[in-house]
file model_29.tsv (TSV, C-alpha atoms)
chain	number	residue	atom	x	y	z
A	1	MET	CA	-14.62	12.27	12.23
A	2	ILE	CA	-13.42	8.91	13.56
A	3	ILE	CA	-11.10	7.17	11.11
A	4	MET	CA	-9.87	3.59	11.42
A	5	VAL	CA	-6.65	2.76	9.55
A	6	THR	CA	-5.82	-0.93	9.25
A	7	GLY	CA	-2.17	-1.65	8.53
A	8	ASN	CA	-1.22	1.74	9.96
A	9	MET	CA	2.22	0.45	11.02
A	10	GLY	CA	3.33	-0.24	7.46
A	11	TYR	CA	5.13	1.65	4.72
A	12	VAL	CA	2.04	3.38	3.34
A	13	GLY	CA	0.22	3.53	6.67
A	14	SER	CA	2.91	5.70	8.22
A	15	ALA	CA	2.46	8.30	5.47
A	16	VAL	CA	-1.34	8.11	5.56
A	17	VAL	CA	-1.60	8.69	9.32
A	18	SER	CA	0.77	11.65	9.08
A	19	HIS	CA	-1.32	13.16	6.27
A	20	ILE	CA	-4.62	12.69	8.09
A	21	ARG	CA	-3.24	14.19	11.25
A	22	ARG	CA	-2.00	17.25	9.33
A	23	GLU	CA	-4.93	17.78	6.95
A	24	MET	CA	-7.81	16.62	9.17
A	25	PRO	CA	-6.67	17.72	12.64
A	26	GLY	CA	-10.07	17.31	14.25
A	27	SER	CA	-10.20	13.60	13.47
A	28	LEU	CA	-9.76	10.76	15.94
A	29	ILE	CA	-7.51	8.10	14.37
A	30	VAL	CA	-7.68	4.45	15.39
A	31	GLY	CA	-4.82	2.27	14.18
A	32	ILE	CA	-5.19	-1.49	13.81
A	33	ASP	CA	-2.11	-3.56	13.03
A	34	SER	CA	-0.59	-6.93	13.88
A	35	GLY	CA	2.77	-5.23	14.46
A	36	LEU	CA	4.79	-7.65	12.33
A	37	PHE	CA	6.86	-4.79	10.89
A	38	GLY	CA	6.73	-2.50	13.90
A	39	HIS	CA	10.51	-2.68	14.36
A	40	CYS	CA	11.28	-1.76	10.72
A	41	LEU	CA	11.75	1.92	11.49
A	42	SER	CA	13.49	4.48	9.29
A	43	GLN	CA	12.87	7.49	11.52
A	44	ALA	CA	13.51	8.32	15.15
A	45	GLU	CA	9.89	8.92	16.18
A	46	LEU	CA	7.34	6.13	16.15
A	47	PRO	CA	4.76	6.81	13.39
A	48	GLU	CA	2.13	5.56	15.86
A	49	CYS	CA	2.52	8.84	17.73
A	50	GLY	CA	0.09	10.18	15.14
A	51	VAL	CA	-2.80	7.91	16.14
A	52	ASP	CA	-5.11	8.40	19.10
A	53	ILE	CA	-5.71	4.70	19.75
A	54	GLN	CA	-3.47	1.81	18.68
A	55	ILE	CA	-4.94	-1.69	18.67
A	56	PHE	CA	-2.70	-4.67	17.97
A	57	ARG	CA	-4.68	-7.32	16.14
A	58	ASP	CA	-4.45	-9.49	13.06
A	59	VAL	CA	-6.83	-8.20	10.40
A	60	ARG	CA	-8.30	-11.70	10.18
A	61	ASP	CA	-9.52	-11.38	13.76
A	62	LEU	CA	-11.45	-8.10	13.76
A	63	THR	CA	-14.71	-7.99	15.68
A	64	LEU	CA	-17.82	-5.87	15.39
A	65	ASP	CA	-17.14	-3.89	18.56
A	66	LEU	CA	-14.01	-2.34	17.03
A	67	PHE	CA	-16.11	-0.39	14.53
A	68	ALA	CA	-18.43	1.32	17.02
A	69	GLY	CA	-18.77	4.99	16.10
A	70	VAL	CA	-16.29	4.80	13.22
A	71	ASP	CA	-17.07	7.05	10.25
A	72	ALA	CA	-14.42	5.86	7.76
A	73	VAL	CA	-12.22	2.79	7.38
A	74	VAL	CA	-8.96	3.02	5.43
A	75	HIS	CA	-8.01	-0.58	4.71
A	76	LEU	CA	-4.29	-0.95	4.04
A	77	ALA	CA	-3.54	-4.22	5.85
A	78	ALA	CA	-2.26	-6.78	3.35
A	79	VAL	CA	0.42	-9.18	2.24
A	80	SER	CA	1.94	-6.43	0.22
A	81	ASN	CA	3.81	-7.62	-2.87
A	82	ASP	CA	4.39	-10.38	-5.41
A	83	PRO	CA	7.35	-12.15	-3.73
A	84	MET	CA	5.43	-12.47	-0.46
A	85	GLY	CA	2.35	-13.58	-2.39
A	86	LEU	CA	4.39	-16.30	-4.08
A	87	ARG	CA	5.78	-17.57	-0.77
A	88	PHE	CA	2.47	-17.30	1.10
A	89	GLU	CA	-0.11	-17.83	-1.64
A	90	ALA	CA	-2.94	-19.25	0.47
A	91	VAL	CA	-2.36	-16.72	3.24
A	92	THR	CA	-2.35	-13.90	0.69
A	93	ARG	CA	-5.87	-14.81	-0.39
A	94	GLU	CA	-6.95	-15.24	3.23
A	95	ILE	CA	-5.68	-11.80	4.26
A	96	ASN	CA	-5.93	-9.69	1.11
A	97	GLU	CA	-9.24	-10.99	-0.17
A	98	LEU	CA	-11.31	-12.82	2.45
A	99	ALA	CA	-10.33	-10.66	5.43
A	100	THR	CA	-10.82	-7.51	3.36
A	101	ILE	CA	-14.38	-8.49	2.48
A	102	ARG	CA	-15.13	-9.46	6.06
A	103	THR	CA	-13.72	-6.15	7.32
A	104	ALA	CA	-16.04	-4.31	4.95
A	105	GLU	CA	-19.02	-6.38	6.08
A	106	LEU	CA	-18.29	-5.54	9.72
A	107	ALA	CA	-17.90	-1.88	8.82
A	108	ALA	CA	-21.19	-1.82	6.93
A	109	ALA	CA	-23.00	-3.56	9.79
A	110	SER	CA	-21.68	-0.87	12.16
A	111	GLY	CA	-22.90	2.02	10.03
A	112	VAL	CA	-19.51	3.14	8.72
A	113	ARG	CA	-20.02	5.69	5.95
A	114	TYR	CA	-16.82	5.28	3.92
A	115	PHE	CA	-14.65	2.23	3.23
A	116	VAL	CA	-11.42	2.94	1.35
A	117	PHE	CA	-9.54	-0.05	-0.05
A	118	ALA	CA	-5.92	0.07	-1.19
A	119	SER	CA	-6.23	-1.85	-4.45
A	120	SER	CA	-3.60	-2.06	-7.19
A	121	CYS	CA	-2.99	-1.44	-10.87
A	122	SER	CA	-1.08	-4.75	-10.88
A	123	MET	CA	-4.44	-6.35	-11.67
A	124	TYR	CA	-3.91	-5.32	-15.29
A	125	GLY	CA	-0.97	-7.73	-15.49
A	126	GLN	CA	0.37	-8.12	-19.02
A	127	ALA	CA	-1.39	-5.38	-20.93
A	128	GLU	CA	-0.11	-4.69	-24.42
A	129	GLY	CA	-1.32	-1.75	-26.44
A	130	GLY	CA	-2.73	1.42	-24.93
A	131	ALA	CA	-2.99	2.53	-21.34
A	132	ARG	CA	-5.60	0.63	-19.33
A	133	VAL	CA	-8.80	2.25	-18.10
A	134	GLU	CA	-11.05	1.00	-15.33
A	135	GLY	CA	-13.46	-0.81	-17.65
A	136	ASP	CA	-10.77	-2.85	-19.38
A	137	GLY	CA	-10.33	-6.54	-18.70
A	138	LEU	CA	-8.08	-7.64	-15.85
A	139	SER	CA	-5.19	-10.05	-16.27
A	140	PRO	CA	-3.73	-10.75	-12.81
A	141	LEU	CA	-0.51	-12.74	-13.08
A	142	THR	CA	0.34	-13.23	-9.40
A	143	ALA	CA	-1.32	-14.32	-6.17
A	144	TYR	CA	-1.07	-10.73	-4.94
A	145	ALA	CA	-2.85	-9.34	-8.02
A	146	ARG	CA	-5.49	-12.08	-7.94
A	147	SER	CA	-6.24	-11.29	-4.32
A	148	LYS	CA	-6.94	-7.66	-5.23
A	149	VAL	CA	-9.30	-8.74	-8.02
A	150	GLY	CA	-11.18	-11.03	-5.64
A	151	ALA	CA	-11.35	-8.37	-2.95
A	152	GLU	CA	-12.82	-5.81	-5.34
A	153	ALA	CA	-15.49	-8.28	-6.46
A	154	GLY	CA	-16.51	-8.93	-2.87
A	155	LEU	CA	-16.45	-5.25	-1.95
A	156	ARG	CA	-18.78	-4.46	-4.83
A	157	GLU	CA	-21.31	-6.91	-3.38
A	158	VAL	CA	-21.00	-5.34	0.07
A	159	ALA	CA	-21.62	-1.87	-1.39
A	160	ASP	CA	-24.60	-3.11	-3.40
A	161	ARG	CA	-26.27	-4.47	-0.24
A	162	GLY	CA	-26.13	-1.31	1.86
A	163	ASP	CA	-25.44	2.40	2.17
A	164	MET	CA	-21.68	2.38	2.78
A	165	ALA	CA	-19.58	4.04	0.08
A	166	VAL	CA	-16.75	1.75	-1.01
A	167	THR	CA	-13.82	3.13	-2.99
A	168	ALA	CA	-11.20	0.80	-4.46
A	169	LEU	CA	-8.15	2.92	-5.20
A	170	ARG	CA	-6.16	1.08	-7.85
A	171	PHE	CA	-2.81	2.54	-6.92
A	172	ALA	CA	0.18	2.70	-9.21
A	173	THR	CA	3.39	1.22	-7.74
A	174	ALA	CA	4.29	3.05	-4.55
A	175	CYS	CA	7.57	4.90	-4.06
A	176	GLY	CA	9.09	7.50	-1.76
A	177	PHE	CA	10.60	7.69	1.71
A	178	SER	CA	8.49	6.63	4.70
A	179	GLY	CA	8.79	6.19	8.43
A	180	ARG	CA	8.84	2.43	7.82
A	181	MET	CA	10.83	2.25	4.62
A	182	ARG	CA	10.57	-0.53	2.06
A	183	LEU	CA	13.24	-1.23	-0.54
A	184	ASP	CA	11.32	-4.03	-2.30
A	185	LEU	CA	9.64	-1.46	-4.57
A	186	VAL	CA	11.15	-0.71	-7.95
A	187	LEU	CA	12.13	2.97	-7.64
A	188	ASN	CA	13.13	2.69	-3.98
A	189	ASP	CA	15.37	-0.26	-4.87
A	190	LEU	CA	17.01	1.53	-7.78
A	191	VAL	CA	17.84	4.57	-5.65
A	192	ALA	CA	19.17	2.44	-2.79
A	193	SER	CA	21.39	0.44	-5.14
A	194	ALA	CA	22.81	3.55	-6.79
A	195	LEU	CA	23.43	5.17	-3.43
A	196	VAL	CA	25.35	2.36	-1.74
A	197	THR	CA	26.92	0.47	-4.67
A	198	GLY	CA	27.17	3.10	-7.41
A	199	ARG	CA	25.52	0.59	-9.70
A	200	ILE	CA	22.05	-0.33	-10.92
A	201	SER	CA	21.57	-3.86	-12.24
A	202	VAL	CA	18.28	-4.25	-14.10
A	203	LEU	CA	17.51	-7.96	-14.09
A	204	SER	CA	15.06	-7.68	-16.98
A	205	ASP	CA	15.66	-6.08	-20.36
A	206	GLY	CA	14.32	-2.81	-18.92
A	207	SER	CA	11.31	-2.69	-21.20
A	208	PRO	CA	8.41	-3.40	-18.76
A	209	TRP	CA	6.12	-0.47	-18.07
A	210	ARG	CA	5.32	0.62	-14.53
A	211	PRO	CA	3.10	3.46	-13.36
A	212	LEU	CA	4.36	5.00	-10.10
A	213	ILE	CA	2.96	7.17	-7.32
A	214	HIS	CA	4.59	8.73	-4.25
A	215	VAL	CA	3.24	7.68	-0.84
A	216	ALA	CA	2.36	11.30	-0.07
A	217	ASP	CA	0.09	11.37	-3.12
A	218	MET	CA	-1.43	8.03	-2.12
A	219	ALA	CA	-2.39	9.68	1.16
A	220	ARG	CA	-3.99	12.59	-0.72
A	221	ALA	CA	-6.10	10.13	-2.71
A	222	ILE	CA	-7.20	8.36	0.47
A	223	GLU	CA	-8.28	11.67	1.99
A	224	TRP	CA	-10.41	12.30	-1.11
A	225	ALA	CA	-11.94	8.83	-1.04
A	226	MET	CA	-13.21	9.14	2.53
A	227	THR	CA	-14.80	12.52	1.90
A	228	ARG	CA	-16.01	12.24	-1.72
A	229	PRO	CA	-19.62	12.99	-2.67
A	230	VAL	CA	-21.51	9.73	-3.15
A	231	SER	CA	-24.61	8.93	-5.17
A	232	ALA	CA	-26.52	5.70	-5.71
A	233	ASP	CA	-24.66	5.25	-9.00
A	234	ASP	CA	-21.17	5.27	-7.52
A	235	ARG	CA	-21.61	3.72	-4.09
A	236	PHE	CA	-18.90	1.31	-5.28
A	237	LEU	CA	-16.15	3.01	-7.23
A	238	ALA	CA	-12.94	1.49	-8.59
A	239	VAL	CA	-10.53	4.10	-9.92
A	240	ASN	CA	-6.94	4.11	-11.16
A	241	VAL	CA	-4.89	6.42	-8.94
A	242	GLY	CA	-1.74	8.00	-10.29
A	243	SER	CA	-0.73	10.36	-13.07
A	244	ASP	CA	-0.49	9.81	-16.83
A	245	GLY	CA	2.97	11.37	-16.76
A	246	TRP	CA	4.16	8.69	-14.33
A	247	ASN	CA	4.03	5.74	-16.77
A	248	TYR	CA	7.67	4.72	-17.18
A	249	GLN	CA	9.70	1.83	-18.49
A	250	VAL	CA	12.12	0.41	-15.94
A	251	LYS	CA	15.12	1.45	-18.02
A	252	ASP	CA	13.87	5.06	-17.98
A	253	LEU	CA	13.59	4.94	-14.19
A	254	ALA	CA	17.20	3.77	-14.03
A	255	GLU	CA	18.29	6.69	-16.19
A	256	ALA	CA	16.40	9.15	-13.99
A	257	VAL	CA	18.15	7.76	-10.91
A	258	ARG	CA	21.54	8.10	-12.61
A	259	ALA	CA	20.76	11.74	-13.35
A	260	ALA	CA	20.11	12.35	-9.64
A	261	ILE	CA	23.10	10.31	-8.43
A	262	PRO	CA	25.96	11.10	-10.84
A	263	GLY	CA	28.46	8.36	-11.50
A	264	THR	CA	25.92	5.55	-11.24
A	265	GLU	CA	26.53	2.69	-13.65
A	266	ILE	CA	23.56	1.00	-15.29
A	267	HIS	CA	23.67	-2.63	-16.38
A	268	ILE	CA	20.70	-4.00	-18.29
A	269	ASN	CA	20.40	-7.66	-19.30
A	270	PRO	CA	19.19	-7.67	-22.91
A	271	ASP	CA	18.95	-11.46	-22.89
A	272	ALA	CA	16.74	-11.68	-19.82
A	273	THR	CA	13.44	-13.52	-19.95
A	274	PRO	CA	10.80	-10.84	-20.56
A	275	ASP	CA	8.93	-9.70	-17.44
A	276	LYS	CA	5.26	-10.23	-18.27
A	277	ARG	CA	4.19	-7.75	-15.58
A	278	SER	CA	4.07	-4.78	-17.91
A	279	TYR	CA	1.23	-2.31	-18.15
A	280	ARG	CA	0.51	1.34	-18.77
A	281	VAL	CA	-2.45	2.93	-17.03
A	282	ASN	CA	-4.82	5.75	-17.89
A	283	PHE	CA	-5.58	8.00	-14.91
A	284	GLY	CA	-8.10	10.24	-16.68
A	285	LEU	CA	-11.05	9.26	-14.50
A	286	TYR	CA	-9.22	10.14	-11.29
A	287	SER	CA	-8.11	13.43	-12.81
A	288	ALA	CA	-11.72	14.27	-13.65
A	289	ILE	CA	-13.39	13.32	-10.36
A	290	ALA	CA	-10.66	14.36	-7.89
A	291	PRO	CA	-9.16	17.54	-9.39
A	292	ASN	CA	-8.08	18.90	-6.00
A	293	HIS	CA	-6.26	15.72	-4.95
A	294	GLN	CA	-4.05	15.06	-7.94
A	295	PRO	CA	-0.48	13.80	-7.51
A	296	LEU	CA	1.94	16.63	-6.77
A	297	VAL	CA	5.28	14.80	-6.51
A	298	SER	CA	7.34	14.49	-9.70
A	299	LEU	CA	9.75	11.66	-10.53
A	300	PRO	CA	12.85	13.80	-9.83
A	301	ASP	CA	11.28	14.94	-6.55
A	302	ALA	CA	10.57	11.33	-5.55
A	303	ILE	CA	14.12	10.21	-6.32
A	304	GLU	CA	15.49	13.13	-4.29
A	305	ASP	CA	13.14	12.28	-1.43
A	306	ILE	CA	14.32	8.65	-1.33
A	307	ARG	CA	17.99	9.58	-1.70
A	308	ASP	CA	17.88	12.25	0.99
A	309	GLY	CA	15.84	10.11	3.37
A	310	LEU	CA	18.22	7.17	3.11
A	311	THR	CA	21.21	9.48	3.51
A	312	ARG	CA	19.62	11.07	6.59
A	313	ILE	CA	19.36	7.70	8.37
A	314	GLY	CA	22.93	6.75	7.46
A	315	PHE	CA	21.91	4.02	5.04
A	316	SER	CA	25.06	2.34	3.73
A	317	ASP	CA	24.39	-1.40	3.53
A	318	PRO	CA	25.33	-2.82	0.10
A	319	ASP	CA	23.61	-6.08	1.15
A	320	TYR	CA	20.30	-4.32	1.86
A	321	ARG	CA	18.37	-6.90	-0.16
A	322	SER	CA	19.05	-9.30	2.70
A	323	SER	CA	17.95	-6.78	5.32
A	324	GLY	CA	14.75	-5.85	7.11
A	325	PHE	CA	14.05	-3.23	4.45
A	326	ILE	CA	12.75	-6.17	2.37
A	327	ARG	CA	9.49	-7.30	3.91
A	328	LEU	CA	9.79	-10.94	2.81
A	329	ASN	CA	13.08	-11.16	4.73
A	330	VAL	CA	11.35	-10.02	7.93
A	331	LEU	CA	8.66	-12.68	7.65
A	332	SER	CA	11.10	-15.43	6.65
A	333	MET	CA	13.40	-14.73	9.59
A	334	ALA	CA	10.49	-14.61	12.04
A	335	ILE	CA	9.33	-18.04	10.80
A	336	GLU	CA	12.85	-19.49	11.01
A	337	GLN	CA	13.20	-18.24	14.58
A	338	GLY	CA	9.82	-19.64	15.58
A	339	ARG	CA	8.32	-16.22	16.26
A	340	LEU	CA	5.79	-16.62	13.46
A	341	LYS	CA	3.94	-19.60	12.01
A	342	PRO	CA	3.74	-20.26	8.24
A	343	ASP	CA	0.19	-18.87	8.29
A	344	LEU	CA	1.72	-15.57	9.54
A	345	ARG	CA	0.16	-15.91	12.96
A	346	ARG	CA	2.15	-15.75	16.18
A	347	PRO	CA	2.49	-19.12	17.95
A	348	ASP	CA	1.57	-17.56	21.30
A	349	ALA	CA	-1.42	-15.60	19.99
A	350	GLN	CA	-4.22	-15.31	22.53
A	351	PRO	CA	-7.89	-15.91	21.68
A	352	VAL	CA	-9.58	-12.80	20.34
A	353	ARG	CA	-11.51	-10.93	23.00
A	354	SER	CA	-13.77	-7.94	22.75
A	355	LEU	CA	-12.06	-4.72	23.75
A	356	PRO	CA	-13.52	-1.87	25.75
A	357	MET	CA	-13.92	0.97	23.31
A	358	TYR	CA	-12.77	4.41	24.36
A	359	TYR	CA	-14.33	6.19	21.43
A	360	SER	CA	-17.82	6.62	20.12
A	361	ALA	CA	-19.65	8.85	17.70
A	362	ARG	CA	-19.43	11.56	20.37
A	363	ALA	CA	-15.79	11.04	21.36
A	364	ALA	CA	-14.17	13.22	18.72
A	365	PRO	CA	-14.98	16.70	17.51
A	366	ALA	CA	-16.31	17.01	13.99
A	367	ALA	CA	-13.60	17.19	11.33
call {"tool": "encode", "arguments": {"input": "model_29.tsv", "output": "structure tokens"}}
result
Amino acid sequence: MIIMVTGNMGYVGSAVVSHIRREMPGSLIVGIDSGLFGHCLSQAELPECGVDIQIFRDVRDLTLDLFAGVDAVVHLAAVSNDPMGLRFEAVTREINELATIRTAELAAASGVRYFVFASSCSMYGQAEGGARVEGDGLSPLTAYARSKVGAEAGLREVADRGDMAVTALRFATACGFSGRMRLDLVLNDLVASALVTGRISVLSDGSPWRPLIHVADMARAIEWAMTRPVSADDRFLAVNVGSDGWNYQVKDLAEAVRAAIPGTEIHINPDATPDKRSYRVNFGLYSAIAPNHQPLVSLPDAIEDIRDGLTRIGFSDPDYRSSGFIRLNVLSMAIEQGRLKPDLRRPDAQPVRSLPMYYSARAAPAA
């Protein structure tokens, strides 16, 4: 099986490639990434050692020849959170929505069988009342969330026009240690703060709800999505991915971190303006249709994983929110230094050219 992973050099991509290599050893993995965060390493070995072919290209510039012989596309490439979406709103739509749809169109035209899209539960936005199911209305509050809604709508049209199975995995908020670590995710940030400052400062009143999922369990879901049985009725499938037991309020996450890192002080601002991004999610559909790929990592396990991973790399920077572990900082510094344009393209980028492909439908053994 030939598997293309866009955004393979990111936080989630590093975990996904490792999982595919371990669980599907007969596969040929093609990584496609612009390399903007290639230097943001949190392990000694390059995660790209797990791919067979690495292509450096902006996801907005993919060409049909890249998909020759590919069986499955795992589409992770994106402007990946709300702060970046706020700073780069137009670019977020261009990359997360328009380029996603175009990537799927190219894949379908090339005969790709499975297209797996990393969507997000953030589309539910401010959702009072019970946990949200897939058929509930969407209330995206940010450019990032709106881009995921638009991408799903376009992907549904692509699936309706052809035979390619499209799965939009509406992931809960990611957490856990990775070969390219991010600390701009809620649980990762809380653990990092407790570890290096002995203190957690919750800027909100702690009441917003967040569903979480470990990156290892995200990879398990992606494996399922590119091998799932497909019928005419579910050629396009949008599914919440996570676990019902992983719906937490931010204040409860802080308490769980304190339990794992004794002596941590917690400061919550009861007078803070309420964070409207609050939602609980029902993961019953995923539980029913993917019983063998359910999340395995518990909240205590995830906190331990983050704590131990950061300790292993000698993490000790109390000013980490100004560091390269925060993706917006990386982009902002690159723009300030002239290494990146405001549209997140490199100023010295060369015109896109077709590449000679070293893989085909016959290049890799069957998975």
call {"tool": "atom_distance", "arguments": {"input": "model_29.tsv", "atom1": "CA of Val239 (chain A)", "atom2": "CA of Val133 (chain A)"}}
result
8.6 Å
call {"tool": "closest_residue", "arguments": {"input": "model_29.tsv", "among": "A:Glu157, A:Asp61, A:Glu255, A:Glu45", "to": "Asp33 (chain A)", "atoms": "all atoms listed in the file"}}
result
A:Asp61
call {"tool": "residues_around", "arguments": {"input": "model_29.tsv", "residues": "Leu41 (chain A)", "least_positions_apart": "3", "cutoff": "8 Å", "atoms": "only C-alpha atoms", "output": "list in words"}}
result
Gly38, Ala44, Leu46, Gly179, Arg180 and Met181 of chain A
call {"tool": "residues_around", "arguments": {"input": "model_29.tsv", "residues": "Leu190 (chain A)", "least_positions_apart": "3", "cutoff": "8 Å", "atoms": "only C-alpha atoms", "output": "count of residues only"}}
result
7
call {"tool": "residues_around", "arguments": {"input": "model_29.tsv", "residues": "Pro291 (chain A)", "least_positions_apart": "3", "cutoff": "12 Å", "atoms": "all atoms listed in the file", "output": "JSON, numbers by chain"}}
result
{"A": [220, 221, 224, 228, 241, 243, 283, 284, 285, 286, 287, 288, 294, 295, 296]}
call {"tool": "atom_distance", "arguments": {"input": "model_29.tsv", "atom1": "CA of Gln350 (chain A)", "atom2": "CA of Leu155 (chain A)"}}
result
29.2 Å
call {"tool": "residues_around", "arguments": {"input": "model_29.tsv", "residues": "Gly130 (chain A)", "least_positions_apart": "5", "cutoff": "9 Å", "atoms": "all atoms listed in the file", "output": "list in words"}}
result
Tyr279, Arg280, Val281 and Asn282 of chain A
call {"tool": "atom_distance", "arguments": {"input": "model_29.tsv", "atom1": "CA of Met123 (chain A)", "atom2": "CA of Asp244 (chain A)"}}
result
17.4 Å
call {"tool": "residues_around", "arguments": {"input": "model_29.tsv", "residues": "Ile266 (chain A)", "least_positions_apart": "2", "cutoff": "12 Å", "atoms": "all atoms listed in the file", "output": "mmCIF file with C-alpha atoms, keeping the file's coordinate frame"}}
result
data_model
loop_
_atom_site.group_PDB
_atom_site.id
_atom_site.type_symbol
_atom_site.label_atom_id
_atom_site.label_comp_id
_atom_site.auth_asym_id
_atom_site.auth_seq_id
_atom_site.Cartn_x
_atom_site.Cartn_y
_atom_site.Cartn_z
ATOM 1 C CA LEU A 190 17.010 1.530 -7.780
ATOM 2 C CA VAL A 191 17.840 4.570 -5.650
ATOM 3 C CA SER A 193 21.390 0.440 -5.140
ATOM 4 C CA ALA A 194 22.810 3.550 -6.790
ATOM 5 C CA THR A 197 26.920 0.470 -4.670
ATOM 6 C CA GLY A 198 27.170 3.100 -7.410
ATOM 7 C CA ARG A 199 25.520 0.590 -9.700
ATOM 8 C CA ILE A 200 22.050 -0.330 -10.920
ATOM 9 C CA SER A 201 21.570 -3.860 -12.240
ATOM 10 C CA VAL A 202 18.280 -4.250 -14.100
ATOM 11 C CA LEU A 203 17.510 -7.960 -14.090
ATOM 12 C CA ASP A 205 15.660 -6.080 -20.360
ATOM 13 C CA GLY A 206 14.320 -2.810 -18.920
ATOM 14 C CA VAL A 250 12.120 0.410 -15.940
ATOM 15 C CA LYS A 251 15.120 1.450 -18.020
ATOM 16 C CA ASP A 252 13.870 5.060 -17.980
ATOM 17 C CA LEU A 253 13.590 4.940 -14.190
ATOM 18 C CA ALA A 254 17.200 3.770 -14.030
ATOM 19 C CA GLU A 255 18.290 6.690 -16.190
ATOM 20 C CA ALA A 256 16.400 9.150 -13.990
ATOM 21 C CA VAL A 257 18.150 7.760 -10.910
ATOM 22 C CA ARG A 258 21.540 8.100 -12.610
ATOM 23 C CA ALA A 259 20.760 11.740 -13.350
ATOM 24 C CA ILE A 261 23.100 10.310 -8.430
ATOM 25 C CA PRO A 262 25.960 11.100 -10.840
ATOM 26 C CA GLY A 263 28.460 8.360 -11.500
ATOM 27 C CA THR A 264 25.920 5.550 -11.240
ATOM 28 C CA ILE A 268 20.700 -4.000 -18.290
ATOM 29 C CA ASN A 269 20.400 -7.660 -19.300
#
call {"tool": "closest_residue", "arguments": {"input": "model_29.tsv", "among": "A:Arg277, A:His75, A:Arg22, A:Arg345", "to": "Met226 (chain A)", "atoms": "only C-alpha atoms"}}
result
A:His75
call {"tool": "residues_near_point", "arguments": {"input": "model_29.tsv", "point": "(9.4, -10.6, -18.2)", "cutoff": "9 Å", "atoms": "only C-alpha atoms", "output": "PyMOL selection string"}}
result
chain A and resi 204-205+207-208+272-278
call {"tool": "axis_aligned_box", "arguments": {"input": "model_29.tsv", "around": "region 238-256 of chain A", "padding_each_side": "8 Å", "output": "AutoDock Vina command-line options"}}
result
--center_x 2.7 --center_y 5.9 --center_z -13.5 --size_x 47.2 --size_y 27.0 --size_z 25.9
call {"tool": "residues_near_point", "arguments": {"input": "model_29.tsv", "point": "(-14.2, 6.4, 0.5)", "cutoff": "6 Å", "atoms": "all atoms listed in the file", "output": "list in words"}}
result
Tyr114, Phe115, Val116, Ala165, Val166, Thr167, Ala225 and Met226 of chain A
call {"tool": "closest_residue", "arguments": {"input": "model_29.tsv", "among": "A:Ser119, A:Ser27, A:Asn96, A:Ser231", "to": "Ala159 (chain A)", "atoms": "all atoms listed in the file"}}
result
A:Ser231
call {"tool": "closest_residue", "arguments": {"input": "model_29.tsv", "among": "A:Val112, A:Leu340, A:Ile313, A:Ala143", "to": "Phe88 (chain A)", "atoms": "only C-alpha atoms"}}
result
A:Ala143
call {"tool": "closest_residue", "arguments": {"input": "model_29.tsv", "among": "A:Thr63, A:Thr6, A:Ser110, A:Asn247", "to": "Ile29 (chain A)", "atoms": "all atoms listed in the file"}}
result
A:Thr6
